[in-house]
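Student: Contents are TSV, C-alpha atoms; file name run.tsv:
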chain	number	residue	atom	x	y	z
A	1	MET	CA	189.71	-52.53	-29.68
A	2	LEU	CA	190.42	-53.71	-26.14
A	3	GLY	CA	187.59	-53.08	-23.68
A	4	LEU	CA	188.51	-52.00	-20.13
A	5	ASN	CA	186.39	-51.86	-17.00
A	6	THR	CA	187.37	-48.52	-15.45
A	7	ASN	CA	185.62	-49.30	-12.17
A	8	GLU	CA	187.65	-52.48	-11.79
A	9	LEU	CA	190.86	-50.61	-12.60
A	10	ASN	CA	190.12	-47.94	-10.00
A	11	GLU	CA	189.48	-50.53	-7.30
A	12	ASN	CA	192.85	-52.19	-7.97
A	13	ASP	CA	194.77	-48.89	-8.07
A	14	PRO	CA	197.00	-48.73	-4.95
A	15	ASN	CA	196.90	-44.91	-5.08
A	16	ARG	CA	193.13	-44.73	-5.41
A	17	SER	CA	192.63	-43.47	-1.86
A	18	ASN	CA	195.18	-40.69	-2.41
A	19	ARG	CA	193.59	-39.34	-5.60
A	20	LYS	CA	191.14	-36.97	-3.93
A	21	PRO	CA	192.56	-33.55	-4.73
A	22	ASN	CA	191.83	-30.70	-2.35
A	23	ILE	CA	192.21	-26.96	-3.00
A	24	GLU	CA	192.85	-24.37	-0.29
A	25	ILE	CA	192.78	-20.67	-1.22
A	26	LEU	CA	195.83	-18.90	0.24
A	27	GLU	CA	195.45	-15.46	-1.36
A	28	LEU	CA	192.74	-13.89	-3.49
A	29	LYS	CA	192.73	-10.52	-5.31
A	30	ASP	CA	190.98	-9.04	-8.34
A	31	ASP	CA	193.76	-10.16	-10.67
A	32	PHE	CA	195.61	-12.80	-8.65
A	33	VAL	CA	194.88	-16.05	-6.86
A	34	LYS	CA	197.21	-18.29	-4.91
A	35	PHE	CA	196.04	-21.71	-3.80
A	36	LEU	CA	197.36	-25.00	-2.47
A	37	LEU	CA	196.57	-28.19	-4.40
A	38	SER	CA	197.06	-31.24	-2.19
A	39	GLU	CA	196.51	-35.01	-2.06
A	40	THR	CA	197.42	-35.53	-5.70
A	41	ASP	CA	200.50	-35.94	-7.89
A	42	THR	CA	202.52	-34.01	-10.45
A	43	SER	CA	200.46	-35.26	-13.41
A	44	MET	CA	197.29	-33.74	-11.97
A	45	ALA	CA	199.05	-30.45	-11.12
A	46	ASN	CA	200.49	-30.14	-14.62
A	47	ALA	CA	197.16	-31.03	-16.23
A	48	LEU	CA	195.40	-28.35	-14.17
A	49	ARG	CA	198.00	-25.77	-15.18
A	50	ARG	CA	197.61	-26.61	-18.89
A	51	ILE	CA	193.81	-26.41	-18.63
A	52	LEU	CA	194.02	-22.99	-16.97
A	53	ILE	CA	196.24	-21.69	-19.76
A	54	ALA	CA	194.66	-23.19	-22.86
A	55	GLU	CA	191.26	-24.80	-22.30
A	56	VAL	CA	189.12	-22.37	-20.29
A	57	PRO	CA	186.70	-20.61	-22.70
A	58	THR	CA	186.67	-16.81	-22.71
A	59	MET	CA	185.48	-13.95	-24.90
A	60	ALA	CA	187.86	-11.98	-27.12
A	61	ILE	CA	187.61	-9.77	-30.20
A	62	ASP	CA	187.94	-12.12	-33.16
A	63	LEU	CA	186.53	-10.23	-36.15
A	64	VAL	CA	187.37	-6.61	-37.01
A	65	LYS	CA	185.65	-4.72	-39.83
A	66	ILE	CA	187.77	-1.66	-40.55
A	67	GLU	CA	186.05	1.19	-42.35
A	68	MET	CA	188.87	3.71	-42.04
A	69	ASN	CA	192.41	3.51	-40.70
A	70	THR	CA	194.80	6.34	-41.48
A	71	SER	CA	196.98	5.71	-38.40
A	72	SER	CA	200.56	4.47	-38.59
A	73	LEU	CA	199.43	0.93	-37.63
A	74	GLN	CA	198.57	-1.58	-40.31
A	75	ASP	CA	195.10	-3.13	-40.24
A	76	GLU	CA	196.45	-6.53	-39.12
A	77	PHE	CA	198.48	-5.00	-36.30
A	78	LEU	CA	195.49	-2.96	-35.14
A	79	SER	CA	193.26	-6.04	-35.17
A	80	HIS	CA	195.82	-7.99	-33.16
A	81	ARG	CA	195.95	-5.31	-30.47
A	82	LEU	CA	192.15	-5.24	-30.25
A	83	GLY	CA	192.08	-9.00	-29.77
A	84	LEU	CA	194.31	-8.74	-26.70
A	85	ILE	CA	191.99	-6.38	-24.80
A	86	PRO	CA	190.54	-8.40	-21.87
A	87	LEU	CA	186.78	-8.84	-21.76
A	88	MET	CA	184.72	-10.04	-18.81
A	89	VAL	CA	181.33	-11.69	-19.08
A	90	GLU	CA	178.98	-10.67	-16.28
A	91	PRO	CA	177.91	-13.59	-14.01
A	92	GLY	CA	174.84	-15.47	-15.17
A	93	ASN	CA	175.40	-14.83	-18.89
A	94	THR	CA	176.58	-17.37	-21.42
A	95	PHE	CA	177.62	-17.41	-25.06
A	96	VAL	CA	177.79	-20.34	-27.44
A	97	TYR	CA	180.67	-21.09	-29.78
A	98	ASN	CA	180.22	-19.51	-33.18
A	99	MET	CA	180.72	-22.90	-34.85
A	100	ASP	CA	177.84	-24.36	-32.81
A	101	CYS	CA	175.45	-21.48	-33.42
A	102	ASP	CA	172.59	-21.72	-35.92
A	103	CYS	CA	173.24	-18.25	-37.35
A	104	GLU	CA	174.93	-17.71	-40.72
A	105	ASP	CA	177.57	-15.20	-39.60
A	106	ASN	CA	177.24	-14.03	-35.99
A	107	CYS	CA	174.41	-13.14	-33.65
A	108	PRO	CA	173.82	-12.09	-30.01
A	109	GLN	CA	173.87	-15.73	-28.93
A	110	CYS	CA	177.46	-16.29	-30.06
A	111	SER	CA	178.96	-12.79	-30.22
A	112	THR	CA	178.86	-9.17	-29.12
A	113	THR	CA	179.79	-6.01	-31.03
A	114	PHE	CA	181.92	-2.94	-30.22
A	115	ASP	CA	182.24	0.26	-32.24
A	116	LEU	CA	185.29	2.53	-32.43
A	117	ASP	CA	185.37	5.91	-34.13
A	118	VAL	CA	188.20	8.20	-33.01
A	119	SER	CA	189.85	11.07	-34.86
A	120	TRP	CA	192.65	13.44	-33.93
A	121	GLN	CA	190.38	16.46	-34.41
A	122	ASP	CA	187.79	15.20	-31.91
A	123	LYS	CA	190.36	14.24	-29.28
A	124	ILE	CA	192.12	17.63	-29.13
A	125	LEU	CA	188.96	19.66	-28.47
A	126	ASN	CA	189.47	19.63	-24.68
A	127	ARG	CA	193.21	20.25	-24.81
A	128	GLU	CA	195.12	23.38	-23.92
A	129	ASP	CA	196.50	25.44	-26.79
A	130	HIS	CA	200.10	24.45	-26.11
A	131	GLU	CA	199.15	20.73	-26.34
A	132	GLN	CA	197.21	20.92	-29.60
A	133	HIS	CA	200.13	19.60	-31.69
A	134	LEU	CA	200.70	16.45	-29.58
A	135	PRO	CA	199.43	13.02	-30.72
A	136	VAL	CA	196.30	11.60	-29.11
A	137	PHE	CA	195.85	8.17	-27.60
A	138	VAL	CA	193.22	5.63	-28.66
A	139	THR	CA	192.46	3.31	-25.73
A	140	SER	CA	189.98	0.63	-24.74
A	141	ALA	CA	187.88	3.39	-23.16
A	142	ASP	CA	187.05	4.60	-26.68
A	143	LEU	CA	185.35	1.31	-27.57
A	144	ILE	CA	181.56	1.65	-27.47
A	145	ASN	CA	179.92	-1.42	-25.94
A	146	HIS	CA	176.37	-2.30	-27.00
A	147	ASP	CA	175.94	-5.36	-24.75
A	148	ASP	CA	175.33	-5.25	-20.99
A	149	ARG	CA	176.30	-8.91	-20.67
A	150	ILE	CA	179.97	-8.14	-21.19
A	151	ARG	CA	182.34	-5.38	-20.11
A	152	ILE	CA	185.81	-4.25	-21.08
A	153	VAL	CA	188.54	-4.57	-18.44
A	154	HIS	CA	190.48	-1.32	-18.70
A	155	PHE	CA	192.70	-1.93	-15.65
A	156	SER	CA	193.80	-5.09	-13.87
A	157	GLN	CA	193.04	-3.68	-10.41
A	158	SER	CA	190.46	-1.15	-9.26
A	159	ASP	CA	192.97	0.82	-7.17
A	160	ILE	CA	195.10	1.50	-10.28
A	161	ILE	CA	192.33	3.64	-11.77
A	162	ASP	CA	192.80	6.43	-9.22
A	163	ASN	CA	196.59	6.41	-9.53
A	164	SER	CA	196.87	6.19	-13.31
A	165	THR	CA	196.74	8.94	-15.92
A	166	ASP	CA	195.81	6.41	-18.62
A	167	GLU	CA	192.24	5.89	-19.77
A	168	GLY	CA	192.61	2.18	-20.45
A	169	VAL	CA	194.51	-0.30	-22.60
A	170	MET	CA	196.53	1.50	-25.28
A	171	ILE	CA	195.45	0.67	-28.86
A	172	ALA	CA	197.11	3.31	-31.04
A	173	LYS	CA	198.33	6.89	-31.34
A	174	LEU	CA	196.89	9.40	-33.79
A	175	SER	CA	198.60	12.44	-35.25
A	176	ARG	CA	197.09	15.42	-37.06
A	177	GLY	CA	194.43	14.39	-39.55
A	178	GLN	CA	194.40	10.68	-38.65
A	179	ARG	CA	191.30	8.62	-37.84
A	180	ILE	CA	190.28	5.08	-36.92
A	181	LYS	CA	186.76	3.82	-37.52
A	182	LEU	CA	185.85	0.15	-37.14
A	183	THR	CA	183.47	-2.46	-35.79
A	184	ALA	CA	184.84	-5.27	-33.62
A	185	VAL	CA	183.05	-8.55	-32.96
A	186	ALA	CA	183.94	-10.59	-29.87
A	187	MET	CA	183.40	-14.35	-29.87
A	188	LYS	CA	183.90	-17.27	-27.54
A	189	GLY	CA	187.04	-19.41	-27.85
A	190	ILE	CA	189.93	-21.13	-26.09
A	191	ALA	CA	193.66	-20.44	-26.10
A	192	LYS	CA	194.38	-23.67	-27.98
A	193	GLU	CA	193.06	-21.83	-31.02
A	194	HIS	CA	194.68	-18.44	-30.26
A	195	ALA	CA	196.48	-16.97	-27.23
A	196	LYS	CA	194.08	-14.01	-27.08
A	197	TRP	CA	191.51	-16.34	-25.48
A	198	SER	CA	193.84	-17.31	-22.63
A	199	PRO	CA	192.19	-16.32	-19.32
A	200	VAL	CA	195.54	-16.02	-17.51
A	201	SER	CA	198.82	-14.26	-18.15
A	202	VAL	CA	200.78	-16.36	-15.64
A	203	ALA	CA	199.93	-19.85	-14.37
A	204	THR	CA	202.73	-21.51	-12.42
A	205	TYR	CA	203.07	-23.97	-9.59
A	206	ARG	CA	205.85	-25.05	-7.29
A	207	PHE	CA	206.23	-27.90	-4.86
A	208	ASP	CA	205.16	-27.17	-1.30
A	209	PRO	CA	208.37	-27.09	0.80
A	210	ILE	CA	209.09	-29.45	3.67
A	211	ILE	CA	211.54	-27.87	6.13
A	212	GLU	CA	212.94	-29.79	9.08
A	213	ILE	CA	215.12	-28.32	11.83
A	214	ASN	CA	217.27	-30.62	13.97
A	215	GLU	CA	216.19	-29.42	17.40
A	216	ASP	CA	219.09	-31.06	19.23
A	217	ILE	CA	221.62	-29.13	17.15
A	218	ALA	CA	219.52	-25.93	17.11
A	219	GLU	CA	219.52	-25.78	20.93
A	220	LYS	CA	223.33	-25.59	20.92
A	221	LEU	CA	223.43	-22.56	18.63
A	222	THR	CA	224.31	-19.18	20.05
A	223	GLN	CA	222.00	-16.20	19.65
A	224	SER	CA	224.20	-14.74	16.90
A	225	GLU	CA	224.25	-18.05	15.02
A	226	ARG	CA	220.46	-18.28	15.14
A	227	GLN	CA	220.20	-14.74	13.88
A	228	ALA	CA	222.60	-15.58	11.04
A	229	ILE	CA	220.23	-18.35	9.89
A	230	ILE	CA	217.29	-15.93	10.01
A	231	ASP	CA	219.09	-13.14	8.16
A	232	CYS	CA	220.46	-15.33	5.37
A	233	CYS	CA	216.99	-16.25	4.11
A	234	PRO	CA	215.78	-13.70	1.50
A	235	THR	CA	212.11	-14.60	2.03
A	236	LYS	CA	212.19	-14.62	5.86
A	237	VAL	CA	211.22	-18.25	6.32
A	238	TYR	CA	212.80	-18.58	9.78
A	239	GLY	CA	212.19	-16.82	13.07
A	240	LEU	CA	212.58	-17.15	16.82
A	241	GLU	CA	209.98	-18.60	19.15
A	242	ARG	CA	208.77	-15.92	21.53
A	243	ASP	CA	209.01	-17.91	24.78
A	244	THR	CA	212.03	-20.18	24.27
A	245	ASN	CA	213.90	-18.09	21.68
A	246	ASN	CA	214.50	-21.28	19.67
A	247	LEU	CA	214.91	-21.30	15.90
A	248	ILE	CA	211.59	-22.10	14.16
A	249	VAL	CA	210.05	-22.13	10.68
A	250	SER	CA	207.65	-19.18	10.68
A	251	ASN	CA	206.85	-18.79	6.95
A	252	ARG	CA	207.36	-22.20	5.38
A	253	GLN	CA	205.51	-21.53	2.12
A	254	ASN	CA	207.73	-18.54	1.38
A	255	CYS	CA	210.65	-20.90	0.75
A	256	MET	CA	212.00	-20.68	-2.82
A	257	TYR	CA	214.63	-23.44	-2.50
A	258	CYS	CA	217.60	-21.08	-2.70
A	259	ASP	CA	219.52	-23.24	-0.15
A	260	GLU	CA	221.02	-20.18	1.55
A	261	CYS	CA	219.93	-21.54	4.92
A	262	LYS	CA	221.63	-24.88	4.25
A	263	VAL	CA	224.86	-23.17	3.19
A	264	THR	CA	224.85	-20.96	6.29
A	265	ALA	CA	224.02	-23.89	8.56
A	266	LYS	CA	226.86	-25.89	7.04
A	267	SER	CA	229.31	-23.05	7.76
A	268	LEU	CA	228.25	-23.11	11.41
A	269	LYS	CA	229.05	-26.82	11.79
A	270	LYS	CA	231.54	-27.59	14.55
A	271	ASP	CA	231.95	-31.20	13.44
A	272	GLU	CA	231.99	-32.39	9.82
A	273	ASP	CA	230.29	-35.65	10.80
A	274	GLU	CA	227.45	-33.81	12.48
A	275	GLU	CA	223.96	-34.23	11.04
A	276	PRO	CA	222.63	-31.28	9.01
A	277	LEU	CA	220.89	-28.56	10.99
A	278	ILE	CA	218.29	-27.87	8.28
A	279	VAL	CA	216.77	-30.21	5.70
A	280	VAL	CA	214.70	-28.74	2.86
A	281	LYS	CA	212.70	-31.10	0.64
A	282	GLN	CA	209.93	-30.89	-1.92
A	283	SER	CA	206.51	-32.37	-1.19
A	284	ASP	CA	205.36	-34.97	-3.70
A	285	ASP	CA	201.63	-34.35	-3.25
A	286	ARG	CA	201.28	-30.64	-2.40
A	287	PHE	CA	201.60	-27.83	-4.97
A	288	ILE	CA	201.36	-24.06	-4.60
A	289	PHE	CA	199.73	-22.41	-7.63
A	290	SER	CA	200.09	-18.72	-8.54
A	291	ILE	CA	197.60	-17.49	-11.14
A	292	GLU	CA	197.39	-13.98	-12.63
Please render this file's structure as structure tokens.
Tutor:
Amino acid sequence: MLGLNTNELNENDPNRSNRKPNIEILELKDDFVKFLLSETDTSMANALRRILIAEVPTMAIDLVKIEMNTSSLQDEFLSHRLGLIPLMVEPGNTFVYNMDCDCEDNCPQCSTTFDLDVSWQDKILNREDHEQHLPVFVTSADLINHDDRIRIVHFSQSDIIDNSTDEGVMIAKLSRGQRIKLTAVAMKGIAKEHAKWSPVSVATYRFDPIIEINEDIAEKLTQSERQAIIDCCPTKVYGLERDTNNLIVSNRQNCMYCDECKVTAKSLKKDEDEEPLIVVKQSDDRFIFSIE
């Protein structure tokens, strides 16, 4: 086996000084984050995206012990739906992988347990008489949690709770006489093993746009021509400077490389040999990530 001195390799790497990735948060919500990754290359951006999707450990329901299921869903289908319910571990708490735990089956160190016992008869007790015949919904709100270290995420955003008539994530529907009774065990894992452990639903990145306006040509444009450039962009990248009324790039990171601005600028050319009014390029070392 060939031995390599990694320190020596790093010192001789011509791009060593550039490999100091920086992250700048652009937007942050309960279920969404948008950030700028800079001073790195495509390999690092793609590696980060793959790690976010498949290698960040999370908790998910992995073992389901079904005592009774008279619903229209098969046991396997029901277990699959339970596994996709998002779980959040409260800060400061940790779980170990079941394979690394000293227990024989599962224990509080490597797992947590939920109970579910819902029947059609119990659900219709609070209903009006004219709604008694309708099916009832079994949701994530019906799961009984016995562990304060973890909580069930019923909605992606807190403001949805007030505007929604749902009680949580839909699991199944029950008709007259049907019942579901089970025990679900959540364990730690990564999405490389199963997609239910993926912490994100969407993880994408795009190259940070570089937009250049030829000021000499832009100064010769009429007011209507400048407005045509502004109006053609679907994401409102361009605007007018307040004092000089010149064409400027006001929302550069909104650019989605549709090239509408370049097509419109080309149609406004008075001379075919004239340099392009707008040049749109992709940055080689800046990437905009969108994570949900």
Student: Residues within 9 Å of Leu143 (chain A), please, as a compact mmCIF listing (two decimals) with C-alpha atoms, in the coordinates of the input. Count all atoms listed in the file; anything in the same chain fewer than 6 positions from it doesn't count.
Tutor:
# COMPACT_ATOMS: atom_id res chain seq x y z
CA PHE A 114 181.92 -2.94 -30.22
CA ASP A 115 182.24 0.26 -32.24
CA LEU A 116 185.29 2.53 -32.43
CA ASP A 117 185.37 5.91 -34.13
CA ILE A 152 185.81 -4.25 -21.08
CA ALA A 184 184.84 -5.27 -33.62
Student: Counting all atoms listed in the file, select every polymer residue within 12 Å of (222.9, -23.6, 18.2) as defined in the file's coordinates, and provide the selection as an NGL selection string.
Tutor: :A and (213-229 or 245-247 or 265 or 268-270 or 276-278)
Student: Using CA of Asn106 (chain A) and CA of Phe155 (chain A) as the two end points, give the distance in Å to one decimal.
Tutor: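 CA of Phe155 (chain A) lies at a distance of 28.3 Å from CA of Asn106 (chain A).
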Student: Write out as a PDB file with C-alpha atoms, in the coordinates of the input the residues lying within 10 Å of region 25-37 of chain A, counting all atoms listed in the file and excluding same-chain residues fewer than 5 positions away.
Tutor:
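For reference, out.pdb as written:
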ATOM      1  CA  MET A  44     197.290 -33.740 -11.970  1.00  0.00           C
ATOM      2  CA  ALA A  45     199.050 -30.450 -11.120  1.00  0.00           C
ATOM      3  CA  LEU A  48     195.400 -28.350 -14.170  1.00  0.00           C
ATOM      4  CA  PHE A 155     192.700  -1.930 -15.650  1.00  0.00           C
ATOM      5  CA  SER A 156     193.800  -5.090 -13.870  1.00  0.00           C
ATOM      6  CA  GLN A 157     193.040  -3.680 -10.410  1.00  0.00           C
ATOM      7  CA  SER A 158     190.460  -1.150  -9.260  1.00  0.00           C
ATOM      8  CA  VAL A 200     195.540 -16.020 -17.510  1.00  0.00           C
ATOM      9  CA  SER A 201     198.820 -14.260 -18.150  1.00  0.00           C
ATOM     10  CA  VAL A 202     200.780 -16.360 -15.640  1.00  0.00           C
ATOM     11  CA  ALA A 203     199.930 -19.850 -14.370  1.00  0.00           C
ATOM     12  CA  THR A 204     202.730 -21.510 -12.420  1.00  0.00           C
ATOM     13  CA  TYR A 205     203.070 -23.970  -9.590  1.00  0.00           C
ATOM     14  CA  ARG A 206     205.850 -25.050  -7.290  1.00  0.00           C
ATOM     15  CA  PHE A 207     206.230 -27.900  -4.860  1.00  0.00           C
ATOM     16  CA  ASP A 208     205.160 -27.170  -1.300  1.00  0.00           C
ATOM     17  CA  GLN A 253     205.510 -21.530   2.120  1.00  0.00           C
ATOM     18  CA  ASP A 285     201.630 -34.350  -3.250  1.00  0.00           C
ATOM     19  CA  ARG A 286     201.280 -30.640  -2.400  1.00  0.00           C
ATOM     20  CA  PHE A 287     201.600 -27.830  -4.970  1.00  0.00           C
ATOM     21  CA  ILE A 288     201.360 -24.060  -4.600  1.00  0.00           C
ATOM     22  CA  PHE A 289     199.730 -22.410  -7.630  1.00  0.00           C
ATOM     23  CA  SER A 290     200.090 -18.720  -8.540  1.00  0.00           C
ATOM     24  CA  ILE A 291     197.600 -17.490 -11.140  1.00  0.00           C
ATOM     25  CA  GLU A 292     197.390 -13.980 -12.630  1.00  0.00           C
TER      26      GLU A 292
END
Student: Between CA of Ala191 (chain A) and CA of Thr58 (chain A), what is the distance in Å, rounded to a tenth?
Tutor: 8.6 Å
Student: When you look at Ser79 (chain A) with a cut-off of 9 Å (counting all atoms listed in the file), what residues show up, excluding the ones that are within fewer than 4 positions of it in the same chain? I need them as a ChimeraX atom specification.
Tutor: /A:61-64,66,74-75,83-84,184
Student: Between CA of Leu87 (chain A) and CA of Thr183 (chain A), measure the distance and give it in Å to one decimal.
Tutor: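 One can read the CA of Leu87 (chain A) to CA of Thr183 (chain A) distance as 15.8 Å.
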Student: Restore all heavy atoms in region 97-107 of chain A and list the result as a PDB file, in the coordinates of the input.
Tutor:
ATOM      1  N   TYR A  97     179.620 -21.191 -28.774  1.00  0.00           N
ATOM      2  CA  TYR A  97     180.670 -21.090 -29.780  1.00  0.00           C
ATOM      3  C   TYR A  97     180.043 -20.752 -31.134  1.00  0.00           C
ATOM      4  O   TYR A  97     178.962 -21.241 -31.470  1.00  0.00           O
ATOM      5  CB  TYR A  97     181.446 -22.397 -29.887  1.00  0.00           C
ATOM      6  CG  TYR A  97     182.328 -22.687 -28.701  1.00  0.00           C
ATOM      7  CD1 TYR A  97     181.942 -23.619 -27.740  1.00  0.00           C
ATOM      8  CD2 TYR A  97     183.545 -22.036 -28.541  1.00  0.00           C
ATOM      9  CE1 TYR A  97     182.750 -23.893 -26.646  1.00  0.00           C
ATOM     10  CE2 TYR A  97     184.363 -22.297 -27.454  1.00  0.00           C
ATOM     11  CZ  TYR A  97     183.964 -23.231 -26.502  1.00  0.00           C
ATOM     12  OH  TYR A  97     184.760 -23.489 -25.428  1.00  0.00           O
ATOM     13  N   ASN A  98     180.735 -19.924 -31.888  1.00  0.00           N
ATOM     14  CA  ASN A  98     180.220 -19.510 -33.180  1.00  0.00           C
ATOM     15  C   ASN A  98     179.987 -20.707 -34.098  1.00  0.00           C
ATOM     16  O   ASN A  98     179.026 -20.736 -34.870  1.00  0.00           O
ATOM     17  CB  ASN A  98     181.188 -18.520 -33.835  1.00  0.00           C
ATOM     18  CG  ASN A  98     180.701 -18.010 -35.175  1.00  0.00           C
ATOM     19  OD1 ASN A  98     181.193 -18.421 -36.217  1.00  0.00           O
ATOM     20  ND2 ASN A  98     179.716 -17.124 -35.155  1.00  0.00           N
ATOM     21  N   MET A  99     180.852 -21.710 -34.007  1.00  0.00           N
ATOM     22  CA  MET A  99     180.720 -22.900 -34.850  1.00  0.00           C
ATOM     23  C   MET A  99     179.499 -23.742 -34.492  1.00  0.00           C
ATOM     24  O   MET A  99     178.989 -24.506 -35.315  1.00  0.00           O
ATOM     25  CB  MET A  99     181.982 -23.767 -34.743  1.00  0.00           C
ATOM     26  CG  MET A  99     182.207 -24.357 -33.366  1.00  0.00           C
ATOM     27  SD  MET A  99     183.769 -25.251 -33.219  1.00  0.00           S
ATOM     28  CE  MET A  99     184.917 -23.875 -33.182  1.00  0.00           C
ATOM     29  N   ASP A 100     179.009 -23.598 -33.254  1.00  0.00           N
ATOM     30  CA  ASP A 100     177.840 -24.360 -32.810  1.00  0.00           C
ATOM     31  C   ASP A 100     176.550 -23.580 -32.929  1.00  0.00           C
ATOM     32  O   ASP A 100     175.474 -24.120 -32.625  1.00  0.00           O
ATOM     33  CB  ASP A 100     178.036 -24.793 -31.347  1.00  0.00           C
ATOM     34  CG  ASP A 100     179.241 -25.706 -31.169  1.00  0.00           C
ATOM     35  OD1 ASP A 100     179.572 -26.420 -32.128  1.00  0.00           O
ATOM     36  OD2 ASP A 100     179.840 -25.699 -30.072  1.00  0.00           O
ATOM     37  N   CYS A 101     176.647 -22.318 -33.336  1.00  0.00           N
ATOM     38  CA  CYS A 101     175.450 -21.480 -33.420  1.00  0.00           C
ATOM     39  C   CYS A 101     174.723 -21.717 -34.739  1.00  0.00           C
ATOM     40  O   CYS A 101     175.325 -22.072 -35.756  1.00  0.00           O
ATOM     41  CB  CYS A 101     175.854 -20.006 -33.285  1.00  0.00           C
ATOM     42  SG  CYS A 101     174.444 -18.891 -33.059  1.00  0.00           S
ATOM     43  N   ASP A 102     173.414 -21.497 -34.727  1.00  0.00           N
ATOM     44  CA  ASP A 102     172.590 -21.720 -35.920  1.00  0.00           C
ATOM     45  C   ASP A 102     172.621 -20.545 -36.885  1.00  0.00           C
ATOM     46  O   ASP A 102     172.091 -20.643 -38.001  1.00  0.00           O
ATOM     47  CB  ASP A 102     171.130 -21.991 -35.510  1.00  0.00           C
ATOM     48  CG  ASP A 102     170.996 -23.276 -34.702  1.00  0.00           C
ATOM     49  OD1 ASP A 102     171.823 -24.180 -34.919  1.00  0.00           O
ATOM     50  OD2 ASP A 102     170.088 -23.357 -33.845  1.00  0.00           O
ATOM     51  N   CYS A 103     173.234 -19.428 -36.487  1.00  0.00           N
ATOM     52  CA  CYS A 103     173.240 -18.250 -37.350  1.00  0.00           C
ATOM     53  C   CYS A 103     174.219 -18.438 -38.511  1.00  0.00           C
ATOM     54  O   CYS A 103     175.111 -19.275 -38.460  1.00  0.00           O
ATOM     55  CB  CYS A 103     173.613 -17.012 -36.541  1.00  0.00           C
ATOM     56  SG  CYS A 103     175.298 -17.044 -35.869  1.00  0.00           S
ATOM     57  N   GLU A 104     174.073 -17.602 -39.539  1.00  0.00           N
ATOM     58  CA  GLU A 104     174.930 -17.710 -40.720  1.00  0.00           C
ATOM     59  C   GLU A 104     176.294 -17.067 -40.500  1.00  0.00           C
ATOM     60  O   GLU A 104     177.310 -17.566 -40.963  1.00  0.00           O
ATOM     61  CB  GLU A 104     174.230 -17.071 -41.923  1.00  0.00           C
ATOM     62  CG  GLU A 104     172.975 -17.796 -42.365  1.00  0.00           C
ATOM     63  CD  GLU A 104     172.356 -17.165 -43.608  1.00  0.00           C
ATOM     64  OE1 GLU A 104     172.941 -16.177 -44.107  1.00  0.00           O
ATOM     65  OE2 GLU A 104     171.315 -17.650 -44.072  1.00  0.00           O
ATOM     66  N   ASP A 105     176.320 -15.928 -39.810  1.00  0.00           N
ATOM     67  CA  ASP A 105     177.570 -15.200 -39.600  1.00  0.00           C
ATOM     68  C   ASP A 105     177.860 -15.061 -38.108  1.00  0.00           C
ATOM     69  O   ASP A 105     178.693 -15.753 -37.550  1.00  0.00           O
ATOM     70  CB  ASP A 105     177.491 -13.827 -40.273  1.00  0.00           C
ATOM     71  CG  ASP A 105     178.841 -13.130 -40.299  1.00  0.00           C
ATOM     72  OD1 ASP A 105     179.837 -13.782 -39.929  1.00  0.00           O
ATOM     73  OD2 ASP A 105     178.903 -11.955 -40.692  1.00  0.00           O
ATOM     74  N   ASN A 106     177.175 -14.168 -37.447  1.00  0.00           N
ATOM     75  CA  ASN A 106     177.240 -14.030 -35.990  1.00  0.00           C
ATOM     76  C   ASN A 106     175.963 -13.384 -35.499  1.00  0.00           C
ATOM     77  O   ASN A 106     175.291 -12.664 -36.242  1.00  0.00           O
ATOM     78  CB  ASN A 106     178.476 -13.235 -35.559  1.00  0.00           C
ATOM     79  CG  ASN A 106     178.537 -11.864 -36.193  1.00  0.00           C
ATOM     80  OD1 ASN A 106     177.815 -10.958 -35.811  1.00  0.00           O
ATOM     81  ND2 ASN A 106     179.399 -11.707 -37.201  1.00  0.00           N
ATOM     82  N   CYS A 107     175.641 -13.639 -34.244  1.00  0.00           N
ATOM     83  CA  CYS A 107     174.410 -13.140 -33.650  1.00  0.00           C
ATOM     84  C   CYS A 107     174.622 -12.907 -32.160  1.00  0.00           C
ATOM     85  O   CYS A 107     175.672 -13.290 -31.620  1.00  0.00           O
ATOM     86  CB  CYS A 107     173.270 -14.136 -33.895  1.00  0.00           C
ATOM     87  SG  CYS A 107     173.465 -15.694 -32.997  1.00  0.00           S
TER      88      CYS A 107
END
